[in-house]
Structure formats: structure tokens, C-alpha cells
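Visitor: Enclosed is the structure file data25.cif (mmCIF, C-alpha atoms).
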```cif
data_my_file
#
loop_
_atom_site.label_atom_id
_atom_site.label_comp_id
_atom_site.auth_asym_id
_atom_site.auth_seq_id
_atom_site.Cartn_x
_atom_site.Cartn_y
_atom_site.Cartn_z
CA MET A 1 -142.75 21.25 -10.17
CA PRO A 2 -141.97 24.98 -10.26
CA ALA A 3 -138.61 26.20 -8.99
CA PRO A 4 -138.71 27.36 -5.37
CA LEU A 5 -139.01 31.11 -4.80
CA ARG A 6 -135.58 31.94 -3.47
CA SER A 7 -135.07 35.39 -2.00
CA PRO A 8 -131.91 37.28 -2.92
CA ASN A 9 -128.77 36.58 -0.92
CA PRO A 10 -128.77 39.02 2.03
CA SER A 11 -124.96 38.95 2.17
CA ALA A 12 -124.59 39.94 -1.49
CA SER A 13 -121.97 42.62 -2.05
CA LEU A 14 -124.00 44.94 -4.34
CA THR A 15 -121.07 46.91 -5.68
CA THR A 16 -122.48 47.79 -9.08
CA LEU A 17 -125.81 49.21 -10.19
CA ARG A 18 -126.40 45.96 -12.09
CA GLU A 19 -126.13 44.05 -8.82
CA ILE A 20 -128.51 46.42 -7.01
CA LEU A 21 -131.02 46.11 -9.85
CA GLY A 22 -130.71 42.32 -9.93
CA TYR A 23 -131.15 42.09 -6.17
CA ASN A 24 -134.25 44.30 -6.26
CA VAL A 25 -135.87 42.50 -9.20
CA ARG A 26 -135.54 39.20 -7.38
CA ALA A 27 -136.67 40.64 -4.02
CA PHE A 28 -139.80 42.29 -5.46
CA ARG A 29 -140.60 39.26 -7.63
CA VAL A 30 -140.37 36.84 -4.69
CA ALA A 31 -142.35 39.24 -2.46
CA GLN A 32 -145.10 39.03 -5.07
CA LYS A 33 -144.81 35.23 -5.18
CA MET A 34 -143.98 35.24 -8.88
CA SER A 35 -141.66 32.77 -10.58
CA GLN A 36 -139.07 33.97 -13.10
CA GLU A 37 -141.28 32.43 -15.76
CA GLN A 38 -144.35 34.37 -14.58
CA LEU A 39 -142.40 37.63 -14.44
CA GLY A 40 -140.95 36.97 -17.89
CA PHE A 41 -144.41 36.29 -19.28
CA ALA A 42 -145.87 39.45 -17.72
CA ALA A 43 -142.94 41.56 -18.96
CA HIS A 44 -142.76 39.99 -22.44
CA LEU A 45 -139.20 38.86 -21.71
CA ASP A 46 -137.64 35.42 -21.66
CA ARG A 47 -137.37 33.57 -18.35
CA THR A 48 -133.65 33.05 -18.92
CA PHE A 49 -133.23 36.80 -19.44
CA VAL A 50 -134.99 37.49 -16.11
CA SER A 51 -132.64 34.98 -14.48
CA GLN A 52 -129.60 36.71 -16.00
CA VAL A 53 -130.81 40.14 -14.86
CA GLU A 54 -131.24 38.86 -11.30
CA ARG A 55 -127.70 37.47 -11.35
CA ALA A 56 -126.31 40.70 -12.85
CA ARG A 57 -125.04 38.81 -15.87
CA VAL A 58 -126.54 41.10 -18.50
CA ASN A 59 -126.34 44.81 -19.16
CA ILE A 60 -130.11 45.39 -19.32
CA SER A 61 -131.43 48.43 -21.21
CA VAL A 62 -133.84 51.08 -20.01
CA ASP A 63 -136.67 49.80 -22.24
CA ASN A 64 -136.44 46.35 -20.65
CA ILE A 65 -136.14 47.86 -17.16
CA GLU A 66 -139.42 49.63 -17.89
CA LYS A 67 -141.05 46.32 -18.88
CA LEU A 68 -139.93 44.67 -15.64
CA ALA A 69 -141.14 47.61 -13.53
CA LYS A 70 -144.55 47.52 -15.23
CA ALA A 71 -144.86 43.76 -14.75
CA LEU A 72 -143.95 44.19 -11.06
CA GLU A 73 -146.32 47.21 -10.82
CA LEU A 74 -143.50 49.29 -9.36
CA ASP A 75 -142.17 52.80 -9.78
CA PRO A 76 -138.98 52.08 -11.79
CA ALA A 77 -136.96 54.22 -9.33
CA MET A 78 -137.66 51.52 -6.70
CA LEU A 79 -135.53 49.08 -8.68
CA PHE A 80 -132.47 51.32 -8.26
CA LYS A 81 -132.64 51.97 -4.53
CA ARG A 82 -129.83 50.36 -2.60
CA PRO A 83 -131.53 47.83 -0.31
CA VAL A 84 -130.97 48.08 3.44
CA LEU A 85 -129.37 44.74 4.32
CA MET B 1 -118.23 79.22 -28.01
CA PRO B 2 -119.83 76.44 -25.96
CA ALA B 3 -123.45 75.52 -26.60
CA PRO B 4 -125.89 77.25 -24.26
CA LEU B 5 -127.10 75.24 -21.28
CA ARG B 6 -130.70 74.60 -22.20
CA SER B 7 -132.97 73.18 -19.54
CA PRO B 8 -135.34 70.36 -20.51
CA ASN B 9 -138.65 71.29 -22.06
CA PRO B 10 -141.15 71.70 -19.18
CA SER B 11 -144.04 70.73 -21.47
CA ALA B 12 -142.42 67.45 -22.51
CA SER B 13 -144.81 64.50 -22.48
CA LEU B 14 -142.61 61.99 -20.57
CA THR B 15 -144.56 58.90 -21.52
CA THR B 16 -141.75 56.38 -21.48
CA LEU B 17 -139.02 55.65 -18.95
CA ARG B 18 -136.47 56.68 -21.61
CA GLU B 19 -138.08 60.11 -21.74
CA ILE B 20 -138.10 60.49 -17.95
CA LEU B 21 -134.42 59.47 -17.83
CA GLY B 22 -133.49 61.85 -20.63
CA TYR B 23 -135.35 64.71 -19.00
CA ASN B 24 -133.65 64.08 -15.67
CA VAL B 25 -130.15 63.73 -17.13
CA ARG B 26 -130.52 67.09 -18.85
CA ALA B 27 -132.11 68.77 -15.80
CA PHE B 28 -129.40 67.59 -13.37
CA ARG B 29 -126.62 68.35 -15.88
CA VAL B 30 -127.83 71.91 -16.46
CA ALA B 31 -128.40 72.42 -12.71
CA GLN B 32 -124.72 71.59 -12.28
CA LYS B 33 -123.77 73.95 -15.11
CA MET B 34 -122.18 71.16 -17.12
CA SER B 35 -122.15 70.95 -20.90
CA GLN B 36 -122.93 67.66 -22.67
CA GLU B 37 -119.24 67.50 -23.49
CA GLN B 38 -118.23 67.91 -19.84
CA LEU B 39 -120.71 65.28 -18.70
CA GLY B 40 -119.54 62.92 -21.45
CA PHE B 41 -115.92 63.43 -20.42
CA ALA B 42 -116.69 62.83 -16.73
CA ALA B 43 -118.75 59.71 -17.54
CA HIS B 44 -116.34 58.31 -20.17
CA LEU B 45 -119.11 58.52 -22.76
CA ASP B 46 -119.28 60.40 -26.05
CA ARG B 47 -120.94 63.81 -26.11
CA THR B 48 -123.22 62.69 -28.93
CA PHE B 49 -124.31 59.71 -26.83
CA VAL B 50 -125.19 62.05 -23.94
CA SER B 51 -127.20 64.15 -26.38
CA GLN B 52 -129.05 61.07 -27.65
CA VAL B 53 -129.84 59.93 -24.11
CA GLU B 54 -131.27 63.35 -23.27
CA ARG B 55 -133.47 63.21 -26.37
CA ALA B 56 -134.56 59.61 -25.59
CA ARG B 57 -133.13 58.43 -28.90
CA VAL B 58 -131.11 55.54 -27.49
CA ASN B 59 -131.94 52.57 -25.34
CA ILE B 60 -129.22 53.16 -22.74
CA SER B 61 -127.98 50.24 -20.63
CA VAL B 62 -127.68 50.00 -16.86
CA ASP B 63 -123.86 50.15 -16.96
CA ASN B 64 -123.98 53.47 -18.82
CA ILE B 65 -126.75 54.78 -16.53
CA GLU B 66 -124.37 54.05 -13.65
CA LYS B 67 -121.59 56.05 -15.36
CA LEU B 68 -123.89 59.05 -15.83
CA ALA B 69 -125.12 58.90 -12.22
CA LYS B 70 -121.52 58.77 -10.94
CA ALA B 71 -120.49 61.70 -13.14
CA LEU B 72 -123.49 63.69 -11.88
CA GLU B 73 -122.77 62.54 -8.29
CA LEU B 74 -126.36 61.35 -7.94
CA ASP B 75 -128.11 58.33 -6.49
CA PRO B 76 -129.09 56.49 -9.73
CA ALA B 77 -132.69 56.18 -8.47
CA MET B 78 -132.94 59.98 -8.82
CA LEU B 79 -132.63 59.62 -12.59
CA PHE B 80 -135.82 57.53 -12.72
CA LYS B 81 -138.12 59.71 -10.64
CA ARG B 82 -140.91 61.28 -12.63
CA PRO B 83 -140.28 65.06 -12.44
CA VAL B 84 -143.01 67.29 -11.07
CA LEU B 85 -143.74 69.67 -13.96
#
```
Produce C-alpha cells that represent the structure in this file.
Guide:
Amino acid sequence: MPAPLRSPNPSASLTTLREILGYNVRAFRVAQKMSQEQLGFAAHLDRTFVSQVERARVNISVDNIEKLAKALELDPAMLFKRPVL
Amino acid sequence: MPAPLRSPNPSASLTTLREILGYNVRAFRVAQKMSQEQLGFAAHLDRTFVSQVERARVNISVDNIEKLAKALELDPAMLFKRPVL
């Protein structure tokens, strides 16, 4: 059974750019009804890495940000916009 | 004598996200009349690292992108917008 598609926590603090990025990756992924595994596959990244990005646990590089944006079919700038909560 | 403030090359190809980021860092830095050394000092990064970012030679991480955006007093999303050339 696939993991449920959980949206990001709307009461997240989002202090750092990592946290904003992680929030947005999860929000756009869930909006597109993709699992972390599906996003990882599309972006040529590991599912556990996607999970760590969404939880702001890793200091992701620009090349990998580009892969995620392509897999989500998004303008990369969208991943850095502070969400309106 | 400080290095001249050279704007980014307007005929740059900007194929990758690294290249867009590097172009934008240089364009915003020069618009603010900062040298690479001044930006490096303000961002707590080495001048040579700033130079490498502007030339898309390094795969910069999100934490360092945040430092550059803060030093340039910019919304980080601005650094990822494709410039209109």
C-alpha cells in the first residue's frame, strides 16, 4: 500500500530557506498526487532524499533543485516563494 | 585598485539553473555596486566562491543561496527568475 499523500504542515514555522523549499516541494508534489517515490523516480533522485528535502534535513544543491523543479514541471523560482499560510 | 564591476554577459546562454543563478547573483551585485569581495564578506562566504557561483562553476547549496540572498537583501526567489535578455 503506498504511503498516504500528506500535505505539508500549515503551522510550520518556515524560518529558513531550506524549510520554505521543503514545504513547497511537498505541497506541489501532493497537489500533483505524486508519492515521494514517484517524484524521486521522475527527478532521478532517491525517495529517501526527497523525504529529507521535504523535512529540511539536507542542504540540497542547485543541480538537484533543478531536477526536482523539472520533475514537478515548475519554474524553479516557485519553489522559493514563501507560502501564504 | 578594486576589480571593475562587470555586468553579466547579456548574450549568455543560461541553459541550466546554475547559469541563471550565477547571472542573477552578478547582475544584482553589480546593480548594488558591490564587489565580489564585499558580497562575500556580507554573506560570510569567500570571494573566490562568489566568483565561482557567478561563473556557474560550483553546485551551490540552499544554505549558501540563502546567505547570498540575505547579503543582497533580496527575496531568494528573485535569484531563480530567468532574466529577460
Visitor: I need the contact residues of chain B against chain A, so if you could list those with any atom within 6 Å, counting all atoms listed in the file, and return them as a compact mmCIF listing (two decimals) with C-alpha atoms, in the frame of the given file, that would help.
Guide:
```
# COMPACT_ATOMS: atom_id res chain seq x y z
CA ASN B 59 -131.94 52.57 -25.34
CA ILE B 60 -129.22 53.16 -22.74
CA SER B 61 -127.98 50.24 -20.63
CA VAL B 62 -127.68 50.00 -16.86
CA ALA B 77 -132.69 56.18 -8.47
CA PHE B 80 -135.82 57.53 -12.72
CA LYS B 81 -138.12 59.71 -10.64
```
Visitor: Show me, as a ChimeraX atom specification, the residues that have an atom within 9 Å of Ser11 of chain B when counting all atoms listed in the file, minus same-chain residues fewer than 3 positions from it.
Guide: /B:8,14,85
Visitor: Output the residue selection produced by the PyMOL selection byres ((chain B and resi 27) around 10) on the file above, formatted as a PDB file with C-alpha atoms, in the frame of the given file.
Guide:
```pdb
ATOM      1  CA  LEU B   5    -127.100  75.240 -21.280  1.00  0.00           C
ATOM      2  CA  ARG B   6    -130.700  74.600 -22.200  1.00  0.00           C
ATOM      3  CA  SER B   7    -132.970  73.180 -19.540  1.00  0.00           C
ATOM      4  CA  PRO B   8    -135.340  70.360 -20.510  1.00  0.00           C
ATOM      5  CA  ASN B   9    -138.650  71.290 -22.060  1.00  0.00           C
ATOM      6  CA  LEU B  21    -134.420  59.470 -17.830  1.00  0.00           C
ATOM      7  CA  GLY B  22    -133.490  61.850 -20.630  1.00  0.00           C
ATOM      8  CA  TYR B  23    -135.350  64.710 -19.000  1.00  0.00           C
ATOM      9  CA  ASN B  24    -133.650  64.080 -15.670  1.00  0.00           C
ATOM     10  CA  VAL B  25    -130.150  63.730 -17.130  1.00  0.00           C
ATOM     11  CA  ARG B  26    -130.520  67.090 -18.850  1.00  0.00           C
ATOM     12  CA  PHE B  28    -129.400  67.590 -13.370  1.00  0.00           C
ATOM     13  CA  ARG B  29    -126.620  68.350 -15.880  1.00  0.00           C
ATOM     14  CA  VAL B  30    -127.830  71.910 -16.460  1.00  0.00           C
ATOM     15  CA  ALA B  31    -128.400  72.420 -12.710  1.00  0.00           C
ATOM     16  CA  GLN B  32    -124.720  71.590 -12.280  1.00  0.00           C
ATOM     17  CA  LYS B  33    -123.770  73.950 -15.110  1.00  0.00           C
ATOM     18  CA  GLU B  54    -131.270  63.350 -23.270  1.00  0.00           C
ATOM     19  CA  LEU B  79    -132.630  59.620 -12.590  1.00  0.00           C
ATOM     20  CA  PRO B  83    -140.280  65.060 -12.440  1.00  0.00           C
TER      21      PRO B  83
END
```
Visitor: Have a look at B:Val50, B:Gln36, B:Ala42, B:Val84 and name the one nearest to Ser13 of chain B; count only C-alpha atoms.
Guide: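 The answer is B:Val84, which sits nearest to Ser13 of chain B.
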Visitor: Suppose you want the space between atom CA of Ala56 of chain B and atom CA of Ser35 of chain B; what is it in Å?
Guide: 17.5 Å
Visitor: For atom CA of Glu19 of chain B and atom CA of Pro4 of chain B, quote the distance in Å rounded to one decimal.
Guide: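 Between atom CA of Glu19 of chain B and atom CA of Pro4 of chain B the gap is 21.2 Å.
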Visitor: Could you check how far atom CA of Ala71 of chain B sits from atom CA of Val53 of chain A, in Å to one decimal?
Guide: 24.0 Å
Visitor: Using all atoms of segment 10-13 of chain A listed in the file and a margin of 6 Å per side, can you give the axis-aligned box centre and edge lengths in Å to one decimal, as JSON?
Guide:
```
{"center_x": -125.4, "center_y": 40.8, "center_z": 0.1, "size_x": 18.8, "size_y": 15.7, "size_z": 16.2}
```
Visitor: Generate N, CA and C atoms for segment 42-72 of chain B and emit them as a PDB file, in the coordinates of the input.
Guide:
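So out-v1.pdb came out as:
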```pdb
ATOM      1  N   ALA B  42    -116.690  63.328 -18.115  1.00  0.00           N
ATOM      2  CA  ALA B  42    -116.690  62.830 -16.730  1.00  0.00           C
ATOM      3  C   ALA B  42    -117.219  61.388 -16.662  1.00  0.00           C
ATOM      4  N   ALA B  43    -118.127  61.038 -17.576  1.00  0.00           N
ATOM      5  CA  ALA B  43    -118.750  59.710 -17.540  1.00  0.00           C
ATOM      6  C   ALA B  43    -118.058  58.714 -18.470  1.00  0.00           C
ATOM      7  N   HIS B  44    -117.014  59.158 -19.176  1.00  0.00           N
ATOM      8  CA  HIS B  44    -116.340  58.310 -20.170  1.00  0.00           C
ATOM      9  C   HIS B  44    -117.320  57.861 -21.257  1.00  0.00           C
ATOM     10  N   LEU B  45    -118.157  58.783 -21.685  1.00  0.00           N
ATOM     11  CA  LEU B  45    -119.110  58.520 -22.760  1.00  0.00           C
ATOM     12  C   LEU B  45    -118.974  59.649 -23.784  1.00  0.00           C
ATOM     13  N   ASP B  46    -119.389  59.380 -24.999  1.00  0.00           N
ATOM     14  CA  ASP B  46    -119.280  60.400 -26.050  1.00  0.00           C
ATOM     15  C   ASP B  46    -120.338  61.488 -25.864  1.00  0.00           C
ATOM     16  N   ARG B  47    -119.985  62.718 -26.211  1.00  0.00           N
ATOM     17  CA  ARG B  47    -120.940  63.810 -26.110  1.00  0.00           C
ATOM     18  C   ARG B  47    -122.202  63.542 -26.929  1.00  0.00           C
ATOM     19  N   THR B  48    -122.034  62.959 -28.101  1.00  0.00           N
ATOM     20  CA  THR B  48    -123.220  62.690 -28.930  1.00  0.00           C
ATOM     21  C   THR B  48    -124.116  61.640 -28.273  1.00  0.00           C
ATOM     22  N   PHE B  49    -123.507  60.713 -27.541  1.00  0.00           N
ATOM     23  CA  PHE B  49    -124.310  59.710 -26.830  1.00  0.00           C
ATOM     24  C   PHE B  49    -125.120  60.385 -25.718  1.00  0.00           C
ATOM     25  N   VAL B  50    -124.476  61.300 -24.985  1.00  0.00           N
ATOM     26  CA  VAL B  50    -125.190  62.050 -23.940  1.00  0.00           C
ATOM     27  C   VAL B  50    -126.380  62.796 -24.557  1.00  0.00           C
ATOM     28  N   SER B  51    -126.130  63.416 -25.692  1.00  0.00           N
ATOM     29  CA  SER B  51    -127.200  64.150 -26.380  1.00  0.00           C
ATOM     30  C   SER B  51    -128.349  63.211 -26.754  1.00  0.00           C
ATOM     31  N   GLN B  52    -128.008  62.034 -27.255  1.00  0.00           N
ATOM     32  CA  GLN B  52    -129.050  61.070 -27.650  1.00  0.00           C
ATOM     33  C   GLN B  52    -129.833  60.563 -26.441  1.00  0.00           C
ATOM     34  N   VAL B  53    -129.144  60.359 -25.334  1.00  0.00           N
ATOM     35  CA  VAL B  53    -129.840  59.930 -24.110  1.00  0.00           C
ATOM     36  C   VAL B  53    -130.831  61.010 -23.678  1.00  0.00           C
ATOM     37  N   GLU B  54    -130.398  62.258 -23.708  1.00  0.00           N
ATOM     38  CA  GLU B  54    -131.270  63.350 -23.270  1.00  0.00           C
ATOM     39  C   GLU B  54    -132.485  63.506 -24.170  1.00  0.00           C
ATOM     40  N   ARG B  55    -132.343  63.126 -25.434  1.00  0.00           N
ATOM     41  CA  ARG B  55    -133.470  63.210 -26.370  1.00  0.00           C
ATOM     42  C   ARG B  55    -134.197  61.870 -26.499  1.00  0.00           C
ATOM     43  N   ALA B  56    -133.881  60.923 -25.626  1.00  0.00           N
ATOM     44  CA  ALA B  56    -134.560  59.610 -25.590  1.00  0.00           C
ATOM     45  C   ALA B  56    -134.443  58.872 -26.908  1.00  0.00           C
ATOM     46  N   ARG B  57    -133.323  59.076 -27.599  1.00  0.00           N
ATOM     47  CA  ARG B  57    -133.130  58.430 -28.900  1.00  0.00           C
ATOM     48  C   ARG B  57    -132.434  57.084 -28.790  1.00  0.00           C
ATOM     49  N   VAL B  58    -131.829  56.817 -27.637  1.00  0.00           N
ATOM     50  CA  VAL B  58    -131.110  55.540 -27.490  1.00  0.00           C
ATOM     51  C   VAL B  58    -131.627  54.781 -26.275  1.00  0.00           C
ATOM     52  N   ASN B  59    -131.491  53.479 -26.378  1.00  0.00           N
ATOM     53  CA  ASN B  59    -131.940  52.570 -25.340  1.00  0.00           C
ATOM     54  C   ASN B  59    -130.748  52.281 -24.430  1.00  0.00           C
ATOM     55  N   ILE B  60    -130.438  53.221 -23.552  1.00  0.00           N
ATOM     56  CA  ILE B  60    -129.220  53.160 -22.740  1.00  0.00           C
ATOM     57  C   ILE B  60    -129.258  51.955 -21.788  1.00  0.00           C
ATOM     58  N   SER B  61    -128.091  51.411 -21.507  1.00  0.00           N
ATOM     59  CA  SER B  61    -127.980  50.240 -20.630  1.00  0.00           C
ATOM     60  C   SER B  61    -127.668  50.656 -19.197  1.00  0.00           C
ATOM     61  N   VAL B  62    -127.874  49.706 -18.286  1.00  0.00           N
ATOM     62  CA  VAL B  62    -127.680  50.000 -16.860  1.00  0.00           C
ATOM     63  C   VAL B  62    -126.231  50.382 -16.553  1.00  0.00           C
ATOM     64  N   ASP B  63    -125.262  49.786 -17.231  1.00  0.00           N
ATOM     65  CA  ASP B  63    -123.860  50.150 -16.960  1.00  0.00           C
ATOM     66  C   ASP B  63    -123.595  51.617 -17.332  1.00  0.00           C
ATOM     67  N   ASN B  64    -124.183  52.069 -18.431  1.00  0.00           N
ATOM     68  CA  ASN B  64    -123.980  53.470 -18.820  1.00  0.00           C
ATOM     69  C   ASN B  64    -124.814  54.424 -17.957  1.00  0.00           C
ATOM     70  N   ILE B  65    -125.963  53.974 -17.491  1.00  0.00           N
ATOM     71  CA  ILE B  65    -126.750  54.780 -16.530  1.00  0.00           C
ATOM     72  C   ILE B  65    -125.911  54.996 -15.265  1.00  0.00           C
ATOM     73  N   GLU B  66    -125.222  53.937 -14.842  1.00  0.00           N
ATOM     74  CA  GLU B  66    -124.370  54.050 -13.650  1.00  0.00           C
ATOM     75  C   GLU B  66    -123.257  55.077 -13.879  1.00  0.00           C
ATOM     76  N   LYS B  67    -122.665  55.081 -15.059  1.00  0.00           N
ATOM     77  CA  LYS B  67    -121.590  56.050 -15.360  1.00  0.00           C
ATOM     78  C   LYS B  67    -122.126  57.485 -15.300  1.00  0.00           C
ATOM     79  N   LEU B  68    -123.313  57.700 -15.858  1.00  0.00           N
ATOM     80  CA  LEU B  68    -123.890  59.050 -15.830  1.00  0.00           C
ATOM     81  C   LEU B  68    -124.194  59.481 -14.390  1.00  0.00           C
ATOM     82  N   ALA B  69    -124.768  58.566 -13.608  1.00  0.00           N
ATOM     83  CA  ALA B  69    -125.120  58.900 -12.220  1.00  0.00           C
ATOM     84  C   ALA B  69    -123.862  59.253 -11.419  1.00  0.00           C
ATOM     85  N   LYS B  70    -122.777  58.486 -11.650  1.00  0.00           N
ATOM     86  CA  LYS B  70    -121.520  58.770 -10.940  1.00  0.00           C
ATOM     87  C   LYS B  70    -120.982  60.140 -11.342  1.00  0.00           C
ATOM     88  N   ALA B  71    -121.021  60.425 -12.651  1.00  0.00           N
ATOM     89  CA  ALA B  71    -120.490  61.700 -13.140  1.00  0.00           C
ATOM     90  C   ALA B  71    -121.324  62.872 -12.609  1.00  0.00           C
ATOM     91  N   LEU B  72    -122.611  62.636 -12.403  1.00  0.00           N
ATOM     92  CA  LEU B  72    -123.490  63.690 -11.880  1.00  0.00           C
ATOM     93  C   LEU B  72    -123.531  63.656 -10.342  1.00  0.00           C
TER      94      LEU B  72
END
```
